[in-house]
>>> print(open('structure17.cif').read())   # mmCIF, C-alpha atoms
data_model
loop_
_atom_site.label_atom_id
_atom_site.label_comp_id
_atom_site.auth_asym_id
_atom_site.auth_seq_id
_atom_site.Cartn_x
_atom_site.Cartn_y
_atom_site.Cartn_z
CA MET A 271 -13.54 -11.12 -22.95
CA ILE A 272 -11.49 -11.07 -19.75
CA SER A 273 -13.13 -12.51 -16.65
CA ILE A 274 -12.10 -11.75 -13.09
CA PHE A 275 -11.57 -15.49 -12.65
CA ASP A 276 -9.03 -15.73 -15.48
CA THR A 277 -5.33 -16.07 -14.79
CA GLY A 278 -3.25 -12.97 -15.33
CA VAL A 279 0.18 -11.39 -15.19
CA LEU A 280 1.27 -8.14 -13.56
CA GLY A 281 4.85 -7.57 -14.67
CA ASP A 282 6.74 -10.64 -13.45
CA ILE A 283 3.99 -11.64 -11.01
CA ARG A 284 1.61 -14.41 -12.07
CA LEU A 285 -1.95 -14.42 -10.75
CA ALA A 286 -4.27 -17.42 -10.45
CA ASN A 287 -7.19 -14.99 -10.87
CA ARG A 288 -7.67 -11.24 -11.05
CA VAL A 289 -9.12 -10.72 -7.58
CA VAL A 290 -6.66 -8.72 -5.49
CA MET A 291 -6.73 -8.31 -1.73
CA ALA A 292 -6.12 -4.62 -1.08
CA PRO A 293 -3.64 -3.44 1.58
CA MET A 294 -5.28 -2.75 4.94
CA THR A 295 -3.73 -1.68 8.23
CA ARG A 296 -4.92 -4.11 10.92
CA SER A 297 -2.55 -3.29 13.84
CA ARG A 298 -1.72 -6.82 15.00
CA ALA A 299 2.10 -6.84 14.95
CA ASN A 300 4.19 -7.67 17.99
CA PRO A 301 6.53 -5.15 19.66
CA GLY A 302 9.46 -4.47 17.39
CA GLY A 303 7.22 -4.56 14.31
CA LEU A 304 7.19 -8.35 14.07
CA PRO A 305 4.48 -10.27 12.22
CA ASN A 306 3.28 -13.22 14.30
CA ASP A 307 1.19 -16.38 14.15
CA LEU A 308 -1.95 -14.33 13.55
CA HIS A 309 -0.45 -12.88 10.37
CA VAL A 310 0.48 -16.35 9.15
CA THR A 311 -3.11 -17.47 9.61
CA TYR A 312 -4.74 -14.26 8.33
CA TYR A 313 -2.89 -14.10 5.03
CA GLY A 314 -2.92 -17.86 4.57
CA GLN A 315 -6.72 -17.88 4.91
CA ARG A 316 -6.92 -15.38 2.03
CA ALA A 317 -4.44 -17.08 -0.32
CA GLY A 318 -7.25 -17.77 -2.79
CA ALA A 319 -6.83 -14.20 -4.01
CA GLY A 320 -4.98 -13.85 -7.28
CA LEU A 321 -2.72 -11.44 -5.41
CA ILE A 322 -2.48 -10.34 -1.79
CA ILE A 323 -1.09 -6.89 -1.06
CA THR A 324 -0.11 -6.74 2.59
CA GLU A 325 -0.78 -4.04 5.12
CA GLY A 326 1.55 -1.04 4.98
CA THR A 327 4.96 -2.01 6.33
CA GLN A 328 7.61 0.48 7.43
CA PRO A 329 11.01 0.44 5.67
CA SER A 330 12.75 2.01 8.67
CA PRO A 331 12.05 2.95 12.30
CA ALA A 332 11.34 6.53 11.19
CA GLY A 333 8.73 5.21 8.76
CA GLN A 334 6.39 3.95 11.48
CA GLY A 335 3.44 6.06 12.54
CA TYR A 336 0.72 3.77 13.83
CA CYS A 337 0.86 1.33 16.71
CA ARG A 338 1.37 -2.40 16.12
CA THR A 339 2.35 -2.08 12.45
CA PRO A 340 5.03 -4.39 11.01
CA GLY A 341 8.44 -3.50 9.63
CA ILE A 342 10.81 -4.94 7.05
CA HIS A 343 14.10 -3.42 8.21
CA SER A 344 15.50 -6.02 10.63
CA PRO A 345 16.58 -9.66 10.29
CA GLU A 346 13.91 -10.65 12.79
CA GLN A 347 11.20 -8.97 10.74
CA ILE A 348 12.40 -10.63 7.55
CA ALA A 349 12.31 -14.03 9.24
CA ALA A 350 8.83 -13.38 10.62
CA TRP A 351 7.48 -12.32 7.24
CA ARG A 352 9.01 -15.40 5.61
CA ARG A 353 6.57 -17.56 7.59
CA VAL A 354 3.72 -15.52 6.08
CA THR A 355 4.89 -15.85 2.48
CA GLU A 356 5.48 -19.57 2.93
CA SER A 357 1.91 -19.96 4.19
CA VAL A 358 0.48 -18.10 1.18
CA HIS A 359 2.67 -19.87 -1.37
CA ALA A 360 1.85 -23.28 0.10
CA ARG A 361 -1.79 -22.56 -0.76
CA GLY A 362 -0.98 -21.46 -4.31
CA GLY A 363 -1.22 -17.72 -3.70
CA ALA A 364 0.94 -14.73 -4.61
CA ILE A 365 1.77 -11.92 -2.20
CA VAL A 366 3.50 -8.55 -2.39
CA LEU A 367 4.56 -6.31 0.47
CA GLN A 368 3.26 -2.76 0.62
CA ILE A 369 6.06 -0.45 1.76
CA MET A 370 4.69 2.50 3.71
CA HIS A 371 6.66 5.37 5.24
CA VAL A 372 4.19 7.66 7.02
CA GLY A 373 6.40 10.74 7.25
CA ARG A 374 4.66 13.37 9.38
CA ILE A 375 1.60 11.20 10.20
CA ALA A 376 3.18 9.88 13.35
CA SER A 377 3.63 9.91 17.10
CA ALA A 378 6.79 9.04 19.02
CA LEU A 379 4.57 6.93 21.29
CA ASN A 380 4.13 4.46 18.42
CA LYS A 381 7.78 4.38 17.32
CA LEU A 382 10.86 2.57 18.48
CA PRO A 383 12.95 4.62 20.96
CA GLY A 384 14.98 7.30 19.19
CA ALA A 385 13.12 7.10 15.87
CA GLU A 386 12.46 10.54 14.38
CA THR A 387 9.43 11.93 12.59
CA VAL A 388 10.60 13.39 9.28
CA ALA A 389 8.88 14.93 6.27
CA PRO A 390 9.66 17.07 3.22
CA SER A 391 8.91 20.19 5.26
CA ALA A 392 8.38 21.00 8.92
CA VAL A 393 4.59 21.30 8.56
CA ARG A 394 2.51 19.62 11.25
CA ALA A 395 -0.61 17.81 10.04
CA ASN A 396 -3.92 18.77 11.57
CA GLY A 397 -5.45 15.83 13.38
CA GLN A 398 -4.75 13.08 15.88
CA MET A 399 -3.76 9.43 15.92
CA PHE A 400 -4.35 6.51 18.23
CA THR A 401 -1.67 5.34 20.64
CA GLU A 402 -1.86 2.82 23.45
CA SER A 403 -1.97 5.88 25.76
CA GLY A 404 -4.91 7.44 23.93
CA MET A 405 -5.41 9.91 21.10
CA VAL A 406 -2.58 12.41 20.54
CA ASP A 407 -1.87 15.21 18.07
CA PHE A 408 0.34 14.46 15.09
CA GLU A 409 3.91 15.51 15.72
CA ARG A 410 5.65 18.42 14.08
CA PRO A 411 8.15 16.72 11.75
CA ARG A 412 11.73 17.64 11.08
CA ALA A 413 12.33 18.65 7.46
CA LEU A 414 14.71 16.30 5.69
CA GLU A 415 17.99 17.86 4.59
CA THR A 416 18.74 17.54 0.88
CA ALA A 417 21.79 15.40 1.66
CA GLU A 418 19.62 12.96 3.65
CA ILE A 419 17.15 12.18 0.87
CA PRO A 420 19.31 9.65 -1.02
CA GLY A 421 19.61 7.72 2.23
CA VAL A 422 15.84 7.65 2.68
CA ILE A 423 15.42 6.46 -0.91
CA GLY A 424 18.03 3.81 -0.13
CA GLU A 425 15.89 2.59 2.77
CA PHE A 426 13.05 1.90 0.35
CA ALA A 427 15.39 0.01 -1.98
CA GLN A 428 16.74 -2.05 0.92
CA ALA A 429 13.18 -2.75 2.08
CA ALA A 430 12.45 -4.14 -1.40
CA ARG A 431 15.52 -6.40 -1.15
CA ASN A 432 14.44 -7.49 2.33
CA ALA A 433 10.97 -8.29 1.02
CA ARG A 434 12.42 -10.54 -1.66
CA ASP A 435 14.61 -12.20 0.98
CA ALA A 436 11.42 -12.81 2.96
CA GLY A 437 9.87 -14.58 -0.04
CA PHE A 438 7.53 -11.90 -1.34
CA ASP A 439 6.68 -11.94 -5.03
CA GLY A 440 7.12 -8.18 -5.20
CA VAL A 441 6.50 -4.88 -3.45
CA GLU A 442 4.12 -1.95 -3.71
CA LEU A 443 5.09 1.64 -2.90
CA HIS A 444 2.35 3.43 -0.96
CA CYS A 445 2.04 6.87 -2.60
CA THR A 446 -1.23 8.12 -1.11
CA SER A 447 -3.13 8.64 2.18
CA GLY A 448 -0.98 11.60 3.18
CA TYR A 449 2.20 9.58 3.80
CA LEU A 450 5.79 10.49 2.89
CA PRO A 451 5.69 10.00 -0.91
CA ALA A 452 2.39 11.91 -1.09
CA GLN A 453 3.88 14.62 1.13
CA PHE A 454 6.64 15.17 -1.42
CA LEU A 455 4.11 15.26 -4.26
CA SER A 456 1.72 17.78 -2.72
CA THR A 457 2.03 21.56 -2.61
CA GLY A 458 0.47 21.75 0.85
CA THR A 459 3.15 19.61 2.47
CA ASN A 460 6.17 20.26 0.26
CA ARG A 461 7.55 23.76 0.91
CA ARG A 462 11.07 22.91 -0.24
CA ALA A 463 13.25 25.14 -2.40
CA ASP A 464 15.75 22.49 -3.53
CA ALA A 465 15.63 19.85 -6.28
CA TYR A 466 12.80 18.03 -4.43
CA GLY A 467 10.39 20.95 -4.11
CA GLY A 468 8.81 23.88 -5.87
CA ASN A 469 7.72 23.08 -9.42
CA VAL A 470 5.90 19.86 -10.25
CA VAL A 471 8.93 18.16 -11.81
CA ASN A 472 10.84 18.63 -8.58
CA ARG A 473 7.93 17.55 -6.40
CA VAL A 474 7.54 14.21 -8.21
CA ARG A 475 11.32 13.59 -8.11
CA PHE A 476 11.31 11.76 -4.75
CA VAL A 477 8.71 9.22 -5.88
CA VAL A 478 10.34 8.74 -9.28
CA GLU A 479 13.79 8.16 -7.77
CA THR A 480 12.35 5.85 -5.12
CA LEU A 481 10.60 3.68 -7.71
CA GLU A 482 13.78 3.66 -9.82
CA ALA A 483 15.79 2.51 -6.79
CA MET A 484 13.30 -0.20 -5.87
CA ALA A 485 13.18 -1.42 -9.47
CA GLY A 486 16.97 -1.47 -9.55
CA ALA A 487 17.00 -3.52 -6.35
CA ILE A 488 14.60 -6.34 -7.30
CA GLY A 489 13.54 -5.75 -10.92
CA ALA A 490 10.91 -3.38 -12.27
CA GLY A 491 8.51 -6.25 -12.97
CA ARG A 492 8.17 -6.87 -9.26
CA VAL A 493 7.48 -3.26 -8.20
CA GLY A 494 4.05 -1.62 -8.21
CA PHE A 495 2.78 1.63 -6.77
CA ARG A 496 -0.51 2.92 -5.38
CA ILE A 497 -1.95 6.39 -5.92
CA CYS A 498 -5.20 8.23 -5.25
CA PRO A 499 -5.17 11.63 -6.99
CA GLY A 500 -7.06 14.28 -5.02
CA ASN A 501 -7.23 12.23 -1.80
CA PRO A 502 -7.39 14.69 1.15
CA PHE A 503 -6.82 12.03 3.84
CA ASN A 504 -4.44 13.00 6.66
CA ASP A 505 -4.66 16.72 5.95
CA LEU A 506 -3.28 16.42 2.42
CA HIS A 507 -3.76 19.19 -0.11
CA ASP A 508 -2.37 19.74 -3.58
CA ASP A 509 -3.17 22.79 -5.70
CA ASP A 510 -3.38 20.83 -8.97
CA PRO A 511 -3.52 17.05 -8.51
CA ARG A 512 -4.18 16.50 -12.20
CA GLU A 513 -0.90 18.19 -13.10
CA THR A 514 0.95 16.45 -10.27
CA PHE A 515 -0.19 12.92 -11.06
CA GLY A 516 -0.10 13.38 -14.81
CA THR A 517 3.54 14.42 -14.46
CA LEU A 518 4.26 11.51 -12.13
CA LEU A 519 2.69 8.91 -14.42
CA GLN A 520 4.55 10.25 -17.44
CA ALA A 521 7.83 10.13 -15.51
CA VAL A 522 7.49 6.54 -14.29
CA ALA A 523 5.77 5.03 -17.34
CA PRO A 524 9.10 4.16 -19.04
CA LEU A 525 10.31 2.14 -16.01
CA GLY A 526 8.33 -0.99 -16.92
CA LEU A 527 6.83 -1.39 -13.46
CA ALA A 528 4.59 -4.32 -12.55
CA TYR A 529 1.43 -2.28 -12.09
CA LEU A 530 -0.33 0.91 -11.15
CA HIS A 531 -2.78 0.44 -8.26
CA LEU A 532 -5.33 3.23 -8.65
CA ILE A 533 -7.88 4.22 -6.02
CA ASP A 534 -10.64 5.90 -8.02
CA LEU A 535 -12.55 8.01 -5.50
CA ARG A 536 -16.31 8.11 -5.87
CA ASP A 537 -16.37 11.77 -4.79
CA LYS A 538 -14.10 12.78 -7.63
CA VAL A 539 -11.84 15.79 -7.40
CA ILE A 540 -10.44 14.77 -10.78
CA ASP A 541 -11.10 11.96 -13.25
CA SER A 542 -8.43 9.58 -11.96
CA ALA A 543 -9.39 6.76 -14.31
CA GLY A 544 -9.22 9.11 -17.28
CA LEU A 545 -5.85 10.40 -16.11
CA ALA A 546 -4.53 6.84 -15.94
CA ARG A 547 -5.89 6.06 -19.41
CA GLN A 548 -4.07 9.09 -20.77
CA PHE A 549 -0.69 8.62 -19.12
CA TRP A 550 -0.36 4.94 -18.12
CA ALA A 551 -0.25 2.07 -20.61
CA GLY A 552 1.03 -0.60 -18.22
CA PRO A 553 -0.90 -3.12 -16.08
CA LYS A 554 -3.47 -1.57 -13.76
CA ILE A 555 -5.33 -2.62 -10.61
CA LEU A 556 -8.46 -0.59 -9.84
CA ASN A 557 -9.87 -0.08 -6.36
CA GLU A 558 -12.62 1.76 -4.52
CA SER A 559 -15.81 0.23 -3.16
CA LEU A 560 -16.13 -2.27 -6.00
CA ASP A 561 -18.58 -5.14 -6.13
CA LEU A 562 -18.21 -8.19 -8.36
CA GLU A 563 -20.44 -6.85 -11.15
CA ARG A 564 -18.62 -3.53 -11.34
CA ALA A 565 -15.22 -5.23 -11.25
CA GLN A 566 -16.20 -7.65 -14.03
CA GLY A 567 -17.37 -4.72 -16.14
CA LEU A 568 -14.10 -2.82 -15.70
CA LEU A 569 -12.05 -5.85 -16.74
CA ALA A 570 -14.29 -6.63 -19.69
CA ALA A 571 -14.01 -3.03 -20.89
CA GLY A 572 -10.23 -3.10 -20.67
CA GLU A 573 -10.21 -0.46 -17.91
CA ALA A 574 -8.26 -2.70 -15.55
CA ASP A 575 -6.20 -5.88 -15.49
CA ALA A 576 -7.30 -6.76 -11.95
CA ALA A 577 -9.60 -5.40 -9.24
CA SER A 578 -8.78 -5.01 -5.56
CA PHE A 579 -11.12 -5.46 -2.62
CA GLY A 580 -10.49 -4.31 0.93
CA ARG A 581 -13.43 -4.45 3.30
CA HIS A 582 -14.92 -7.52 1.57
CA TYR A 583 -11.72 -9.42 2.36
CA ILE A 584 -11.87 -8.68 6.08
CA ALA A 585 -14.97 -10.78 6.70
CA ASN A 586 -14.69 -13.13 3.68
CA PRO A 587 -11.40 -15.01 3.70
CA ASP A 588 -12.74 -17.15 0.84
CA LEU A 589 -13.92 -14.19 -1.22
CA VAL A 590 -13.02 -15.71 -4.59
CA GLU A 591 -15.01 -18.85 -3.81
CA ARG A 592 -17.99 -16.77 -2.73
CA PHE A 593 -17.78 -14.75 -5.94
CA ARG A 594 -17.67 -17.93 -8.01
CA ALA A 595 -20.67 -19.41 -6.20
CA GLY A 596 -22.71 -16.21 -6.21
CA ALA A 597 -22.91 -16.58 -2.43
CA PRO A 598 -23.78 -13.72 -0.08
CA LEU A 599 -20.90 -11.85 1.51
CA ALA A 600 -20.43 -11.60 5.27
CA LYS A 601 -20.12 -8.14 6.82
CA PHE A 602 -17.17 -7.12 8.93
CA ASP A 603 -17.27 -5.77 12.46
CA ARG A 604 -15.87 -2.23 12.33
CA SER A 605 -15.15 -2.21 16.07
CA THR A 606 -12.43 -4.87 15.68
CA LEU A 607 -10.57 -3.41 12.69
CA TYR A 608 -7.56 -2.26 14.70
CA THR A 609 -7.83 -4.09 18.00
CA ALA A 610 -5.11 -6.48 19.12
CA GLY A 611 -5.72 -10.22 19.01
CA ALA A 612 -7.56 -12.81 16.95
CA VAL A 613 -11.10 -11.49 17.28
CA GLY A 614 -12.18 -9.77 14.10
CA TYR A 615 -8.99 -10.85 12.37
CA VAL A 616 -8.74 -14.60 11.86
CA ASP A 617 -12.10 -15.78 13.23
CA TYR A 618 -14.34 -14.98 10.24
CA PRO A 619 -15.52 -18.36 8.93
CA ALA A 620 -15.21 -19.62 5.39
CA MET A 621 -18.41 -20.10 3.43
CA SER A 622 -18.64 -23.84 4.07
CA LYS A 623 -18.56 -23.18 7.84
CA SER A 624 -20.85 -20.14 8.01
#
>>> encode(input="structure17.cif", output="structure tokens")
Amino acid sequence: MISIFDTGVLGDIRLANRVVMAPMTRSRANPGGLPNDLHVTYYGQRAGAGLIITEGTQPSPAGQGYCRTPGIHSPEQIAAWRRVTESVHARGGAIVLQIMHVGRIASALNKLPGAETVAPSAVRANGQMFTESGMVDFERPRALETAEIPGVIGEFAQAARNARDAGFDGVELHCTSGYLPAQFLSTGTNRRADAYGGNVVNRVRFVVETLEAMAGAIGAGRVGFRICPGNPFNDLHDDDPRETFGTLLQAVAPLGLAYLHLIDLRDKVIDSAGLARQFWAGPKILNESLDLERAQGLLAAGEADAASFGRHYIANPDLVERFRAGAPLAKFDRSTLYTAGAVGYVDYPAMSKS
């Protein structure tokens, strides 16, 4: 019977245990999208995880939407991230970079000068986002021309190469939360009439080609992807998410990717876990408000190869040790999730100091 404390393998990535730190935006990067000393400390503190998946990181200036998020498209960013991976590896951990292009979920106030907001179609999202100047409406994006799309896919592939140059063990493509890949997948945001829009095969094409390009860049065994079928976050709507994600999983299954990272919503629009069982035979990380008992049960039942934890990892840098000891978990301070600086980021004590 598999235990969450057993070693494991996801593609070409070896795990010391099957506890995964989920990707979480924390908004601590320097101007220019540069990770800093806080990131080195933050991820190093959590290197006891079998695998760390970083916060969403933009592959290009156009890919940024939120303030103080890091990039992986400049030499300076690569060098800054290398300090993070060295810190994690020195403590025996493994770490992959989540690549996140937000598409239409953006404001020019959070981007580098001259960076556009682009999407599959020129459909503005309902809602607002935080900027250093206050809350602002999401921008109306410019629809990508068909001829531009290979270049955007190329940015993801180059980001994967840059991540490997920075020392990451792999990358994860963010395909949910209303960001660019999800915008291509969904009927509510994809109004295209070319090879990347319309029927479901065309709507999944962008994600399939992006994963193919990333796998070609660094090897399929070092590329994972994250989905959450039916997730309405950031004004996302799809007429038939079961059809969409079933088609997507069937299309990418032959690629031999490292893993599927599935967010299984508690308020289910569809049976995401059942969909994954039907169409995905590769390694799988499950996520969504798990506790240790539930995670152990999923692994023992063969429903997952690893389990990811988000909020628990904010306030418990030594989460694996606490799980092993049966120790109580500290609670995080919601008010400091996205604030700049060390408070609420690197100042949560380990169990032996609490």
>>> resolve_selection(input="structure17.cif", expression="the PyMOL selection byres ((chain A and resi 422) around 12)", output="VMD selection string")
chain A and resid 328 to 333 371 373 388 to 390 414 to 421 423 to 429 450 to 451 476 to 477 479 to 480 483 to 484
>>> residues_around(input="structure17.cif", residues="Ala395 of chain A", least_positions_apart="4", cutoff="8 Å", atoms="all atoms listed in the file", output="number ranges by chain")
A: 374-375, 408-410, 504-505
>>> resolve_selection(input="structure17.cif", expression="the PyMOL selection byres ((chain A and resi 377) around 7)", output="PyMOL selection string")
chain A and resi 335+376+378-381+408-409
>>> atom_distance(input="structure17.cif", atom1="atom CA of Thr355 of chain A", atom2="atom CA of Asp439 of chain A")
8.7 Å
>>> closest_residue(input="structure17.cif", among="A:Gly596, A:Gly326, A:Pro305, A:Pro499", to="Met370 of chain A", atoms="all atoms listed in the file")
A:Gly326
>>> resolve_selection(input="structure17.cif", expression="the PyMOL selection byres ((chain A and resi 541-558) around 7)", output="list in words")
Leu280, Pro499, Gly516, Leu519, Gln520, Ala523, Ala528, Tyr529, Leu530, His531, Leu532, Ile533, Asp534, Leu535, Lys538, Ile540, Ser559, Leu560, Ala574, Asp575, Ala576, Ala577, Ser578 and Phe579 of chain A
>>> closest_residue(input="structure17.cif", among="A:Gly580, A:Gly384, A:Gly458, A:Gly611", to="Met294 of chain A", atoms="all atoms listed in the file")
A:Gly580
>>> closest_residue(input="structure17.cif", among="A:Val372, A:Cys337, A:Ala350, A:Gln453", to="Ala392 of chain A", atoms="only C-alpha atoms")
A:Gln453
>>> closest_residue(input="structure17.cif", among="A:Gln334, A:Gln315, A:Asn300, A:Ser344", to="Ala620 of chain A", atoms="all atoms listed in the file")
A:Gln315
>>> residues_near_point(input="structure17.cif", point="(2.9, 8.9, -2.2)", cutoff="9 Å", atoms="all atoms listed in the file", output="PyMOL selection string")
chain A and resi 370+443-456+477+495-498
>>> closest_residue(input="structure17.cif", among="A:Val470, A:Ala487, A:Val613, A:Val366", to="Phe515 of chain A", atoms="all atoms listed in the file")
A:Val470
>>> atom_distance(input="structure17.cif", atom1="atom CA of Gly526 of chain A", atom2="atom CA of Arg284 of chain A")
15.8 Å
>>> closest_residue(input="structure17.cif", among="A:Ala292, A:Arg434, A:Val522, A:Gly489", to="Val471 of chain A", atoms="only C-alpha atoms")
A:Val522
>>> residues_around(input="structure17.cif", residues="Leu562 of chain A", least_positions_apart="5", cutoff="9 Å", atoms="all atoms listed in the file", output="ChimeraX atom specification")
/A:274,567,593
>>> atom_distance(input="structure17.cif", atom1="atom CA of Thr295 of chain A", atom2="atom CA of Val279 of chain A")
25.7 Å
>>> axis_aligned_box(input="structure17.cif", around="segment 391-407 of chain A", padding_each_side="5 Å", output="lines of an AutoDock Vina configuration file")
center_x = 1.7
center_y = 12.1
center_z = 15.5
size_x = 24.4
size_y = 28.5
size_z = 30.5
>>> residues_near_point(input="structure17.cif", point="(-6.5, 4.3, 18.0)", cutoff="10 Å", atoms="all atoms listed in the file", output="PyMOL selection string")
chain A and resi 297+336-337+398-406+608-609
>>> residues_around(input="structure17.cif", residues="Ala595 of chain A", least_positions_apart="5", cutoff="12 Å", atoms="only C-alpha atoms", output="short mmCIF file (atom, residue, chain, number, x, y, z; two decimals) with C-alpha atoms, in the frame of the given file")
data_model
loop_
_atom_site.label_atom_id
_atom_site.label_comp_id
_atom_site.auth_asym_id
_atom_site.auth_seq_id
_atom_site.Cartn_x
_atom_site.Cartn_y
_atom_site.Cartn_z
CA PHE A 275 -11.57 -15.49 -12.65
CA LEU A 562 -18.21 -8.19 -8.36
CA ASP A 588 -12.74 -17.15 0.84
CA LEU A 589 -13.92 -14.19 -1.22
CA VAL A 590 -13.02 -15.71 -4.59
CA MET A 621 -18.41 -20.10 3.43
CA SER A 622 -18.64 -23.84 4.07
#
>>> build_atoms(input="structure17.cif", residues="segment 410-426 of chain A", atoms="N, CA and C atoms", output="tab-separated table (two decimals), in the coordinates of the input")
chain	number	residue	atom	x	y	z
A	410	ARG	N	5.03	17.53	15.05
A	410	ARG	CA	5.65	18.42	14.08
A	410	ARG	C	6.91	17.73	13.56
A	411	PRO	N	7.00	17.47	12.26
A	411	PRO	CA	8.15	16.72	11.75
A	411	PRO	C	9.38	17.60	11.57
A	412	ARG	N	10.50	16.96	11.48
A	412	ARG	CA	11.73	17.64	11.08
A	412	ARG	C	11.85	17.55	9.56
A	413	ALA	N	12.16	18.66	8.91
A	413	ALA	CA	12.33	18.65	7.46
A	413	ALA	C	13.62	17.93	7.10
A	414	LEU	N	13.53	17.02	6.15
A	414	LEU	CA	14.71	16.30	5.69
A	414	LEU	C	15.68	17.25	5.00
A	415	GLU	N	16.96	17.12	5.32
A	415	GLU	CA	17.99	17.86	4.59
A	415	GLU	C	18.16	17.24	3.20
A	416	THR	N	18.55	18.05	2.24
A	416	THR	CA	18.74	17.54	0.88
A	416	THR	C	19.71	16.36	0.87
A	417	ALA	N	20.77	16.45	1.64
A	417	ALA	CA	21.79	15.40	1.66
A	417	ALA	C	21.28	14.10	2.26
A	418	GLU	N	20.18	14.16	3.02
A	418	GLU	CA	19.62	12.96	3.65
A	418	GLU	C	18.74	12.16	2.70
A	419	ILE	N	18.19	12.81	1.69
A	419	ILE	CA	17.15	12.18	0.87
A	419	ILE	C	17.65	10.93	0.16
A	420	PRO	N	18.85	10.92	-0.42
A	420	PRO	CA	19.31	9.65	-1.02
A	420	PRO	C	19.33	8.49	-0.03
A	421	GLY	N	19.62	8.78	1.23
A	421	GLY	CA	19.61	7.72	2.23
A	421	GLY	C	18.22	7.19	2.49
A	422	VAL	N	17.23	8.08	2.50
A	422	VAL	CA	15.84	7.65	2.68
A	422	VAL	C	15.39	6.81	1.49
A	423	ILE	N	15.74	7.25	0.29
A	423	ILE	CA	15.42	6.46	-0.91
A	423	ILE	C	16.10	5.09	-0.82
A	424	GLY	N	17.32	5.08	-0.31
A	424	GLY	CA	18.03	3.81	-0.13
A	424	GLY	C	17.33	2.88	0.83
A	425	GLU	N	16.65	3.44	1.84
A	425	GLU	CA	15.89	2.59	2.77
A	425	GLU	C	14.75	1.87	2.06
A	426	PHE	N	14.10	2.55	1.12
A	426	PHE	CA	13.05	1.90	0.35
A	426	PHE	C	13.62	0.78	-0.52
